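Novice: My file is run-v4.cif. It has mmCIF, C-alpha atoms:
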data_coords
#
loop_
_atom_site.label_atom_id
_atom_site.label_comp_id
_atom_site.auth_asym_id
_atom_site.auth_seq_id
_atom_site.Cartn_x
_atom_site.Cartn_y
_atom_site.Cartn_z
CA MET A 20 22.96 6.83 -5.68
CA ASN A 21 22.32 3.18 -6.53
CA LYS A 22 18.56 2.87 -6.29
CA ILE A 23 16.91 -0.29 -4.99
CA LYS A 24 14.86 -1.77 -7.83
CA VAL A 25 11.39 -2.96 -6.87
CA GLY A 26 8.74 -5.10 -8.54
CA VAL A 27 5.09 -4.62 -7.57
CA VAL A 28 2.66 -7.53 -7.98
CA GLY A 29 -1.01 -6.61 -8.43
CA THR A 30 -2.75 -3.47 -9.64
CA GLY A 31 -6.07 -3.27 -7.77
CA PHE A 32 -6.70 -0.52 -5.21
CA ILE A 33 -3.62 -1.08 -3.05
CA GLY A 34 -0.94 -1.82 -5.68
CA PRO A 35 -0.95 1.72 -7.13
CA ALA A 36 -1.01 3.07 -3.54
CA HIS A 37 2.25 1.19 -2.87
CA ILE A 38 3.71 2.52 -6.13
CA GLU A 39 2.84 6.13 -5.31
CA ALA A 40 4.44 5.83 -1.86
CA LEU A 41 7.56 4.11 -3.19
CA ARG A 42 8.08 6.85 -5.76
CA ARG A 43 8.43 9.34 -2.92
CA LEU A 44 11.55 7.59 -1.58
CA PRO A 45 14.83 8.83 -3.08
CA ASN A 46 16.63 5.46 -2.88
CA VAL A 47 13.88 3.36 -4.51
CA GLU A 48 12.91 2.76 -8.16
CA VAL A 49 9.67 1.01 -9.10
CA ALA A 50 11.26 -0.86 -11.98
CA ALA A 51 8.68 -3.51 -12.82
CA LEU A 52 5.00 -4.35 -12.59
CA CYS A 53 3.45 -7.81 -12.52
CA GLU A 54 -0.04 -8.99 -13.43
CA VAL A 55 -1.78 -12.27 -14.15
CA THR A 56 -1.10 -12.09 -17.89
CA ALA A 57 1.67 -10.44 -19.90
CA GLU A 58 -0.92 -8.37 -21.78
CA LEU A 59 -2.57 -6.99 -18.64
CA ALA A 60 0.83 -6.34 -17.07
CA LYS A 61 1.89 -4.30 -20.10
CA GLU A 62 -1.39 -2.35 -20.13
CA LYS A 63 -1.14 -1.49 -16.41
CA ALA A 64 2.58 -0.71 -16.59
CA ASP A 65 2.00 1.71 -19.45
CA ALA A 66 -0.82 3.41 -17.55
CA LEU A 67 1.34 3.77 -14.43
CA GLY A 68 4.51 4.83 -16.24
CA ILE A 69 6.53 1.72 -15.35
CA ALA A 70 9.05 0.58 -17.94
CA ARG A 71 8.99 -3.19 -17.46
CA SER A 72 6.09 -5.63 -17.13
CA TYR A 73 6.06 -9.35 -16.36
CA THR A 74 4.05 -12.30 -15.21
CA PHE A 75 4.97 -13.39 -11.67
CA ASP A 76 7.37 -16.19 -12.61
CA GLU A 77 9.16 -13.88 -15.06
CA LEU A 78 9.48 -11.15 -12.42
CA LEU A 79 11.28 -13.48 -10.01
CA LYS A 80 13.88 -14.28 -12.67
CA GLN A 81 14.97 -10.63 -12.92
CA ASP A 82 18.29 -10.48 -11.06
CA ASP A 83 18.23 -6.72 -10.59
CA ILE A 84 14.87 -6.74 -8.76
CA GLN A 85 15.80 -6.76 -5.07
CA ALA A 86 12.40 -6.37 -3.43
CA VAL A 87 8.86 -7.49 -4.29
CA HIS A 88 5.58 -5.99 -3.06
CA ILE A 89 2.72 -8.52 -2.93
CA CYS A 90 -0.51 -6.55 -3.55
CA THR A 91 -2.69 -9.36 -4.87
CA PRO A 92 -5.89 -10.95 -3.45
CA ASN A 93 -5.42 -12.72 -0.12
CA PHE A 94 -5.30 -16.30 -1.41
CA LEU A 95 -2.10 -15.53 -3.37
CA HIS A 96 -0.13 -13.94 -0.52
CA TYR A 97 1.38 -17.16 0.85
CA SER A 98 2.48 -18.73 -2.43
CA GLN A 99 3.84 -15.50 -3.88
CA SER A 100 5.66 -14.44 -0.70
CA LYS A 101 7.22 -17.89 -0.40
CA ALA A 102 8.33 -17.91 -4.04
CA ALA A 103 9.81 -14.42 -3.75
CA LEU A 104 11.79 -15.34 -0.61
CA LEU A 105 13.08 -18.51 -2.27
CA ALA A 106 14.15 -16.36 -5.23
CA GLY A 107 16.22 -14.21 -2.85
CA LYS A 108 13.94 -11.17 -2.90
CA HIS A 109 13.03 -9.01 0.09
CA VAL A 110 9.23 -9.15 0.54
CA ILE A 111 6.65 -6.56 1.55
CA CYS A 112 3.26 -8.29 1.69
CA GLU A 113 -0.23 -6.91 2.05
CA LYS A 114 -2.23 -8.23 4.99
CA PRO A 115 -3.31 -10.87 5.73
CA LEU A 116 0.06 -12.60 5.39
CA ALA A 117 -1.63 -15.92 4.49
CA LYS A 118 -4.98 -17.71 4.61
CA ASP A 119 -4.21 -19.77 7.72
CA LEU A 120 -1.74 -20.10 10.60
CA ALA A 121 0.21 -23.00 9.10
CA GLU A 122 1.01 -20.98 5.97
CA ALA A 123 1.90 -17.91 8.02
CA GLU A 124 4.17 -19.90 10.35
CA GLU A 125 5.99 -21.36 7.36
CA LEU A 126 6.58 -17.87 5.95
CA VAL A 127 7.87 -16.56 9.30
CA GLU A 128 10.33 -19.48 9.51
CA LEU A 129 11.43 -19.16 5.89
CA ALA A 130 11.99 -15.42 6.22
CA ALA A 131 14.07 -15.95 9.36
CA LYS A 132 16.11 -18.65 7.65
CA THR A 133 16.89 -16.47 4.62
CA GLY A 134 17.61 -13.31 6.65
CA LEU A 135 15.78 -11.30 4.01
CA VAL A 136 13.79 -8.23 4.93
CA ASN A 137 10.13 -9.12 5.48
CA ALA A 138 7.26 -6.76 6.24
CA VAL A 139 3.46 -6.78 6.36
CA HIS A 140 1.65 -3.61 5.33
CA PHE A 141 0.12 -2.55 8.64
CA ASN A 142 0.67 1.02 7.51
CA LEU A 143 -1.84 2.61 9.88
CA ARG A 144 0.77 2.38 12.64
CA TYR A 145 2.53 5.15 10.75
CA TYR A 146 0.11 7.93 11.43
CA PRO A 147 2.49 10.11 13.47
CA LEU A 148 0.05 10.49 16.34
CA ALA A 149 -0.30 6.70 16.61
CA ARG A 150 3.42 6.57 17.29
CA GLN A 151 3.06 9.57 19.62
CA MET A 152 0.50 7.65 21.70
CA LYS A 153 2.88 4.68 21.84
CA SER A 154 5.77 6.93 22.84
CA MET A 155 3.76 8.71 25.55
CA ARG A 156 2.57 5.35 26.91
CA GLU A 157 6.17 4.06 27.00
CA LYS A 158 7.21 7.15 28.96
CA GLY A 159 4.52 6.46 31.56
CA GLU A 160 2.24 9.37 30.67
CA LEU A 161 -0.86 7.17 30.17
CA GLY A 162 -0.37 5.07 33.31
CA GLU A 163 -1.86 1.62 33.72
CA ILE A 164 -4.23 0.92 30.84
CA TYR A 165 -7.81 0.47 32.05
CA SER A 166 -9.66 0.04 28.77
CA PHE A 167 -9.50 0.17 24.98
CA ILE A 168 -12.51 1.19 22.89
CA GLY A 169 -11.98 0.99 19.14
CA SER A 170 -13.97 0.95 15.92
CA TYR A 171 -13.25 0.72 12.23
CA LEU A 172 -16.23 1.73 10.10
CA GLN A 173 -16.69 1.82 6.33
CA ASP A 174 -19.66 1.99 3.93
CA TRP A 175 -18.24 0.60 0.68
CA LEU A 176 -20.34 -2.58 1.06
CA PHE A 177 -23.47 -0.73 2.28
CA TYR A 178 -25.74 -1.76 -0.63
CA ASP A 179 -26.52 -5.33 -1.62
CA THR A 180 -25.28 -4.36 -5.09
CA ASP A 181 -21.80 -3.57 -3.69
CA TYR A 182 -19.50 -6.43 -4.63
CA ASN A 183 -15.80 -7.29 -4.48
CA TRP A 184 -13.57 -10.37 -4.43
CA ARG A 185 -13.25 -9.92 -0.65
CA LEU A 186 -16.80 -11.28 -0.38
CA GLU A 187 -15.66 -14.67 -1.72
CA PRO A 188 -14.05 -16.91 0.96
CA ASP A 189 -11.97 -18.86 -1.58
CA LYS A 190 -10.16 -15.62 -2.44
CA SER A 191 -10.34 -13.72 0.85
CA GLY A 192 -10.71 -16.29 3.63
CA ASP A 193 -13.46 -17.15 6.11
CA SER A 194 -13.50 -13.69 7.73
CA ARG A 195 -14.04 -10.40 5.92
CA ALA A 196 -14.63 -7.29 8.04
CA ILE A 197 -12.45 -8.57 10.91
CA ALA A 198 -9.69 -9.85 8.60
CA ASP A 199 -9.76 -6.81 6.30
CA ILE A 200 -10.04 -3.86 8.68
CA GLY A 201 -10.28 -5.43 12.13
CA SER A 202 -6.73 -6.72 11.67
CA HIS A 203 -5.49 -3.11 11.39
CA LEU A 204 -7.38 -2.24 14.57
CA MET A 205 -6.03 -5.21 16.54
CA ASP A 206 -2.50 -4.53 15.29
CA ILE A 207 -2.51 -0.85 16.24
CA LEU A 208 -4.12 -1.69 19.62
CA GLU A 209 -1.22 -3.92 20.65
CA TYR A 210 1.34 -1.63 19.00
CA ILE A 211 0.27 1.47 20.93
CA THR A 212 -0.64 -0.11 24.28
CA GLY A 213 2.04 -2.80 24.51
CA LEU A 214 -0.70 -5.13 25.79
CA LYS A 215 -1.39 -8.62 24.49
CA THR A 216 -4.95 -9.75 23.82
CA VAL A 217 -5.41 -13.02 25.71
CA ALA A 218 -9.11 -13.84 25.15
CA VAL A 219 -11.95 -12.77 22.83
CA LEU A 220 -15.74 -12.99 22.68
CA ALA A 221 -17.10 -12.25 19.20
CA ASP A 222 -20.54 -11.70 17.67
CA PHE A 223 -20.79 -11.36 13.87
CA ASN A 224 -23.64 -10.16 11.68
CA THR A 225 -24.10 -10.63 7.94
CA VAL A 226 -26.51 -7.83 7.06
CA HIS A 227 -26.85 -8.77 3.38
CA LYS A 228 -27.35 -12.55 3.31
CA THR A 229 -27.47 -12.33 -0.51
CA ARG A 230 -25.62 -9.86 -2.69
CA LYS A 231 -25.86 -9.04 -6.37
CA LYS A 232 -22.59 -9.87 -8.10
CA PRO A 233 -21.89 -7.77 -11.20
CA LEU A 234 -21.54 -9.76 -14.40
CA LYS A 235 -19.36 -6.90 -15.70
CA ALA A 236 -16.14 -5.60 -14.14
CA VAL A 237 -16.58 -2.76 -11.62
CA GLU A 238 -13.58 -1.17 -9.86
CA THR A 239 -13.49 -1.12 -6.05
CA TYR A 240 -14.61 2.25 -4.60
CA SER A 241 -15.74 3.40 -8.07
CA GLY A 242 -19.41 3.88 -7.12
CA LYS A 243 -20.54 2.65 -10.53
CA LEU A 244 -24.02 1.09 -10.81
CA LEU A 245 -25.16 -1.43 -13.41
CA GLN A 246 -28.59 -2.46 -14.71
CA PRO A 247 -30.61 -5.22 -12.94
CA GLU A 248 -29.87 -7.74 -15.67
CA ASP A 249 -26.13 -7.19 -15.11
CA TYR A 250 -26.19 -8.87 -11.66
CA ALA A 251 -26.33 -12.44 -10.34
CA ASP A 252 -27.55 -13.27 -6.79
CA VAL A 253 -24.78 -14.72 -4.60
CA PRO A 254 -25.19 -16.01 -0.99
CA ILE A 255 -22.86 -14.33 1.53
CA ASN A 256 -21.49 -16.07 4.63
CA THR A 257 -18.81 -13.65 5.84
CA GLU A 258 -19.48 -10.82 8.28
CA ASP A 259 -20.54 -7.28 7.34
CA HIS A 260 -20.35 -6.20 11.00
CA ALA A 261 -18.67 -7.57 14.14
CA ASN A 262 -18.44 -6.76 17.83
CA VAL A 263 -15.60 -8.25 19.89
CA LEU A 264 -15.00 -8.09 23.64
CA LEU A 265 -11.32 -8.31 24.58
CA ARG A 266 -9.35 -9.37 27.65
CA PHE A 267 -5.76 -8.18 28.02
CA ASP A 268 -2.72 -9.60 29.77
CA ASN A 269 -2.83 -6.81 32.38
CA GLY A 270 -6.24 -8.08 33.56
CA ASN A 271 -8.25 -5.24 32.03
CA LYS A 272 -10.75 -5.20 29.15
CA GLY A 273 -11.59 -3.67 25.79
CA VAL A 274 -14.08 -3.75 22.95
CA ILE A 275 -13.93 -3.24 19.19
CA THR A 276 -16.58 -2.83 16.51
CA VAL A 277 -15.92 -3.20 12.80
CA SER A 278 -18.42 -2.58 10.02
CA GLN A 279 -18.41 -2.29 6.25
CA VAL A 280 -22.07 -1.22 6.13
CA SER A 281 -22.04 2.08 8.09
CA ALA A 282 -23.44 4.75 5.76
CA GLY A 283 -21.25 7.82 5.53
CA ARG A 284 -18.24 6.27 7.23
CA LYS A 285 -15.79 5.99 4.37
CA ASN A 286 -12.71 4.72 6.24
CA ARG A 287 -12.95 5.70 9.90
CA MET A 288 -10.74 4.05 12.50
CA SER A 289 -11.13 5.50 15.99
CA LEU A 290 -9.34 4.66 19.22
CA GLU A 291 -9.96 5.61 22.85
CA ILE A 292 -7.39 4.33 25.34
CA SER A 293 -8.07 5.07 28.99
CA GLY A 294 -5.30 4.82 31.56
CA SER A 295 -4.79 5.61 35.24
CA LYS A 296 -3.35 9.03 34.36
CA LYS A 297 -4.96 10.15 31.09
CA THR A 298 -7.15 9.10 28.17
CA PHE A 299 -5.94 9.22 24.56
CA SER A 300 -8.48 9.58 21.75
CA TRP A 301 -7.72 9.69 18.02
CA CYS A 302 -9.56 9.19 14.70
CA SER A 303 -8.11 8.43 11.26
CA GLU A 304 -10.53 10.84 9.53
CA SER A 305 -8.93 13.71 11.46
CA PRO A 306 -5.47 12.19 11.86
CA ASN A 307 -3.53 15.37 12.59
CA GLU A 308 -4.95 15.92 16.06
CA MET A 309 -5.11 13.84 19.21
CA TRP A 310 -7.38 14.43 22.22
CA ILE A 311 -5.83 14.00 25.67
CA GLY A 312 -8.32 13.67 28.51
CA ASN A 313 -7.55 14.70 32.10
CA ARG A 314 -9.56 14.34 35.32
CA ASP A 315 -8.24 17.32 37.29
CA LYS A 316 -7.32 19.90 34.65
CA ALA A 317 -8.42 21.04 31.24
CA ASN A 318 -8.38 18.50 28.42
CA GLU A 319 -5.81 19.00 25.65
CA ILE A 320 -5.55 18.79 21.88
CA LEU A 321 -2.14 17.85 20.48
CA MET A 322 -1.56 18.77 16.82
CA ARG A 323 0.71 16.72 14.57
CA ASP A 324 3.76 18.98 14.59
CA PRO A 325 7.40 17.84 14.62
CA SER A 326 8.21 20.59 17.12
CA LEU A 327 5.56 19.34 19.58
CA VAL A 328 5.73 15.53 19.43
CA ASN A 329 8.27 13.37 21.23
CA GLU A 330 11.72 13.14 19.67
CA ASP A 331 11.32 9.47 18.73
CA VAL A 332 8.19 10.33 16.70
CA ARG A 333 9.68 13.04 14.47
CA SER A 334 11.02 10.60 11.87
CA THR A 335 7.41 9.80 10.86
CA ILE A 336 6.66 13.46 10.01
CA THR A 337 7.81 15.13 6.80
CA PHE A 338 6.09 18.53 6.88
CA PRO A 339 5.80 21.28 9.52
CA GLY A 340 2.76 21.65 11.77
CA GLY A 341 -0.35 22.83 9.93
CA HIS A 342 0.74 21.07 6.72
CA ASN A 343 -1.51 18.07 7.08
CA GLU A 344 -0.38 14.53 6.35
CA GLY A 345 -2.71 11.56 5.88
CA PHE A 346 -3.25 8.04 4.55
CA PRO A 347 -0.78 8.12 1.62
CA ASP A 348 1.96 9.30 3.97
CA THR A 349 1.59 6.25 6.24
CA SER A 350 2.86 3.91 3.51
CA LYS A 351 5.69 6.28 2.64
CA GLN A 352 6.83 6.45 6.27
CA MET A 353 6.62 2.68 6.67
CA PHE A 354 8.50 2.00 3.44
CA LYS A 355 11.17 4.50 4.48
CA GLU A 356 12.01 2.25 7.44
CA VAL A 357 11.67 -0.97 5.44
CA TYR A 358 13.99 0.25 2.69
CA ALA A 359 16.59 1.42 5.19
CA ALA A 360 16.75 -2.25 6.23
CA ILE A 361 16.87 -3.40 2.60
CA ALA A 362 19.72 -0.98 1.92
CA ALA A 363 21.55 -2.62 4.84
CA GLY A 364 20.82 -6.01 3.26
CA LYS A 365 19.07 -7.86 6.07
CA GLN A 366 16.20 -7.90 8.53
CA PRO A 367 17.06 -5.85 11.65
CA GLU A 368 17.21 -7.63 15.02
CA ASN A 369 14.53 -5.32 16.40
CA PRO A 370 12.56 -3.96 13.44
CA THR A 371 10.54 -0.79 13.91
CA PHE A 372 8.23 -1.87 11.08
CA PRO A 373 5.58 -4.64 11.13
CA THR A 374 7.06 -7.98 10.09
CA PHE A 375 5.85 -11.43 9.03
CA ALA A 376 5.76 -12.28 12.76
CA ASP A 377 3.25 -9.46 13.24
CA GLY A 378 1.28 -10.85 10.29
CA TYR A 379 1.20 -14.24 12.05
CA ARG A 380 0.04 -12.61 15.28
CA GLU A 381 -2.92 -10.90 13.57
CA LEU A 382 -3.92 -14.11 11.80
CA LEU A 383 -3.87 -15.90 15.18
CA ILE A 384 -6.15 -13.28 16.75
CA CYS A 385 -8.46 -13.33 13.71
CA GLU A 386 -8.71 -17.12 13.84
CA LYS A 387 -9.60 -17.02 17.56
CA ILE A 388 -12.24 -14.34 16.89
CA LEU A 389 -13.76 -16.57 14.18
CA GLU A 390 -13.73 -19.54 16.57
CA SER A 391 -15.43 -17.44 19.28
CA ASN A 392 -18.20 -16.35 16.92
CA LYS A 393 -18.87 -19.95 15.89
CA LYS A 394 -18.87 -21.23 19.48
CA GLU A 395 -20.67 -18.17 20.88
CA ALA A 396 -18.18 -18.33 23.75
CA TRP A 397 -14.96 -16.82 25.10
CA VAL A 398 -11.85 -18.22 23.40
CA THR A 399 -8.31 -17.84 24.78
CA ILE A 400 -5.42 -16.85 22.54
#
Show this structure as structure tokens.

Specialist:
Amino acid sequence: MNKIKVGVVGTGFIGPAHIEALRRLPNVEVAALCEVTAELAKEKADALGIARSYTFDELLKQDDIQAVHICTPNFLHYSQSKAALLAGKHVICEKPLAKDLAEAEELVELAAKTGLVNAVHFNLRYYPLARQMKSMREKGELGEIYSFIGSYLQDWLFYDTDYNWRLEPDKSGDSRAIADIGSHLMDILEYITGLKTVAVLADFNTVHKTRKKPLKAVETYSGKLLQPEDYADVPINTEDHANVLLRFDNGNKGVITVSQVSAGRKNRMSLEISGSKKTFSWCSESPNEMWIGNRDKANEILMRDPSLVNEDVRSTITFPGGHNEGFPDTSKQMFKEVYAAIAAGKQPENPTFPTFADGYRELLICEKILESNKKEAWVTI
């Protein structure tokens, strides 16, 4: 088997997650790692067992590298994705695709022009029961969708001493909680329901108006605490918490809440979709079961089991029922579809995976949510 050689750019939290998932695919080889300096790249590559290390410009000159994963801070996504496409590489980019709509539109157009495979890492679509809900809705089992209630709650920025580059707009953009985790929620909403969000009314809250930035390096999610003299006070102007009312193209409504300051909620996305026939309810912290609500008979629990889900969902499941699958498996299942396209050499006409166009769509919604919060008014999309 000729393996597809991949270069991964960035080694924060998500870069190694991509690497672990890629190593579970039989037709893929993580051949190279890229960091901001040659020294750091070599250090990280050695730690992760990757033979070759480069700076970004050097990586793009490697003819045998067919695909590049962009796992860097948000402000680099546009320039690095563009450079990789121009170098003839297939690109898998972390979300958000870019910092603004103009950049994202340019990337969508460039990707289409090159014909190269392009994907945005909305991996949460790949929980098997997320696809099951989509499949059941497509088969008419949900009926007309009446409402969507969703939340995405975390606590990794609960204390004012919690700090990360995502708190800095020049690196992350003007939105934080909505852009970081709300984008996953809005993507999976439209993916499962088939609805389009046509208007939003947003209300943001910055709980910690000032945070203490460490003067020493602290890894994301590490839980390490420093001494008082090791911090500097920094003003914060992006949201810790947001509520958004939604209007859909079928005339019905929804609501989402996102928070990065909810104690005890480590990474909890929950969905409740009510239709004219049933209600679907699912939570990412117990991803292997789905609640199905009925009016006139007993409610049901569907377990993630390849023998029980719809036929078009089975490709997202590797293990039998009772052998639980979770967050790391979502990236593996997404990359399995992406690399089938890369093996074929071009972007499919109707991709099953999230593309740069989906990345543009989520940036558009995010921008309208930001506009709504500033205007304190409904904004159409």

Novice: Between A:Ala50, A:Arg195, A:Phe375, A:Gln279, which one has atoms that come closest to His96 in chain A, using all atoms listed in the file?

Specialist: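 Closest residue, counting all atoms listed in the file: A:Phe375.
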
Novice: For the file shown, report as a VMD selection string the outcome of the PyMOL selection byres ((chain A and resi 213-215) around 9) at residue level.

Specialist: chain A and resid 153 156 to 157 164 208 to 212 216 to 217 266 to 269

Novice: CA of Val263 in chain A and CA of Glu113 in chain A, how far apart in Å?

Specialist: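 Interatomic distance, CA of Glu113 in chain A to CA of Val263 in chain A: 23.6 Å.
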
Novice: One decimal, Å: what's the distance from CA of Gly68 in chain A over to CA of Ala36 in chain A, could you say?

Specialist: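 Interatomic distance, CA of Gly68 in chain A to CA of Ala36 in chain A: 14.0 Å.
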
Novice: Measure the distance from CA of Asp189 in chain A to CA of Cys90 in chain A in Å and round it to one decimal.

Specialist: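 A separation of 16.9 Å between them.
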
Novice: Using only C-alpha atoms, which of A:Lys80, A:His109, A:Lys114, A:Lys132 sits nearest Leu95 in chain A?

Specialist: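 Among the listed residues, the smallest separation from Leu95 in chain A belongs to A:Lys114.
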
Novice: Taking the file as shown, what set of residues would the PyMOL selection byres ((chain A and resi 253) around 9) give back, as a PyMOL selection string?

Specialist: chain A and resi 228-232+251-252+254-255

Novice: May I have the residues within 9 Å of Glu356 in chain A as a ChimeraX atom specification, using all atoms listed in the file and disregarding those fewer than 3 positions away in the same chain?

Specialist: /A:351-353,359-361,370-372

Novice: Just write the chosen residues, C-alpha atoms, as a PDB file, in the coordinates of the input.

Specialist:
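Produced file part28.pdb, reproduced below:
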ATOM      1  CA  LYS A 351       5.690   6.280   2.640  1.00  0.00           C
ATOM      2  CA  GLN A 352       6.830   6.450   6.270  1.00  0.00           C
ATOM      3  CA  MET A 353       6.620   2.680   6.670  1.00  0.00           C
ATOM      4  CA  ALA A 359      16.590   1.420   5.190  1.00  0.00           C
ATOM      5  CA  ALA A 360      16.750  -2.250   6.230  1.00  0.00           C
ATOM      6  CA  ILE A 361      16.870  -3.400   2.600  1.00  0.00           C
ATOM      7  CA  PRO A 370      12.560  -3.960  13.440  1.00  0.00           C
ATOM      8  CA  THR A 371      10.540  -0.790  13.910  1.00  0.00           C
ATOM      9  CA  PHE A 372       8.230  -1.870  11.080  1.00  0.00           C
TER      10      PHE A 372
END

Novice: Could you write out as a PyMOL selection string the residues that the PyMOL selection byres ((chain A and resi 148) around 9) matches in the shown file?

Specialist: chain A and resi 144-147+149-153+301+306-309+321-323+328+332

Novice: Using only C-alpha atoms, which of A:Lys63, A:His203, A:Lys316, A:Arg71 sits nearest Ser170 in chain A?

Specialist: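 Closest to Ser170 in chain A, using only C-alpha atoms: A:His203.
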
Novice: Between A:Cys385, A:Leu172, A:Ala221, A:Met205, single out the one closest to Ser281 in chain A, counting all atoms listed in the file.

Specialist: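 Closest to Ser281 in chain A of all the choices is A:Leu172.
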
Novice: Within 6 Å of Val219 in chain A, counting only C-alpha atoms, which residues show up once you throw out same-chain ones fewer than 2 positions away? Write them as a PyMOL selection string, please.

Specialist: chain A and resi 264-265+397-398

Novice: If you take only C-alpha atoms and a cut-off of 9 Å, which residues of range 255-329 of chain A touch range 175-178 of chain A, and what are their nearest atom pairs and distances in Å to one decimal, in chain and number order, as a tab-separated table?

Specialist:
residue	atom	partner	partner_atom	distance
A:Asp259	CA	A:Leu176	CA	7.8
A:Gln279	CA	A:Leu176	CA	5.5
A:Val280	CA	A:Phe177	CA	4.1
A:Ser281	CA	A:Phe177	CA	6.6
A:Ala282	CA	A:Phe177	CA	6.5
A:Arg284	CA	A:Trp175	CA	8.7
A:Lys285	CA	A:Trp175	CA	7.0
A:Asn286	CA	A:Trp175	CA	8.9

Novice: Which of these residues is nearest to Pro188 in chain A, using all atoms listed in the file: A:Glu304, A:Asp76, A:Glu258, A:Glu62?

Specialist: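 Answer, going by the shortest atom-to-atom distance: A:Glu258.
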
Novice: Counting all atoms listed in the file, what is within 8 Å of range 292-296 of chain A, bar same-chain residues fewer than 2 positions away, as a VMD selection string?

Specialist: chain A and resid 160 to 168 290 298 to 300 313

Novice: Take the residues from that selection and put them in a file with C-alpha atoms, as an mmCIF file, keeping the file's coordinate frame.

Specialist:
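Contents of out32.cif, as written:
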data_model
loop_
_atom_site.group_PDB
_atom_site.id
_atom_site.type_symbol
_atom_site.label_atom_id
_atom_site.label_comp_id
_atom_site.auth_asym_id
_atom_site.auth_seq_id
_atom_site.Cartn_x
_atom_site.Cartn_y
_atom_site.Cartn_z
ATOM 1 C CA GLU A 160 2.240 9.370 30.670
ATOM 2 C CA LEU A 161 -0.860 7.170 30.170
ATOM 3 C CA GLY A 162 -0.370 5.070 33.310
ATOM 4 C CA GLU A 163 -1.860 1.620 33.720
ATOM 5 C CA ILE A 164 -4.230 0.920 30.840
ATOM 6 C CA TYR A 165 -7.810 0.470 32.050
ATOM 7 C CA SER A 166 -9.660 0.040 28.770
ATOM 8 C CA PHE A 167 -9.500 0.170 24.980
ATOM 9 C CA ILE A 168 -12.510 1.190 22.890
ATOM 10 C CA LEU A 290 -9.340 4.660 19.220
ATOM 11 C CA THR A 298 -7.150 9.100 28.170
ATOM 12 C CA PHE A 299 -5.940 9.220 24.560
ATOM 13 C CA SER A 300 -8.480 9.580 21.750
ATOM 14 C CA ASN A 313 -7.550 14.700 32.100
#
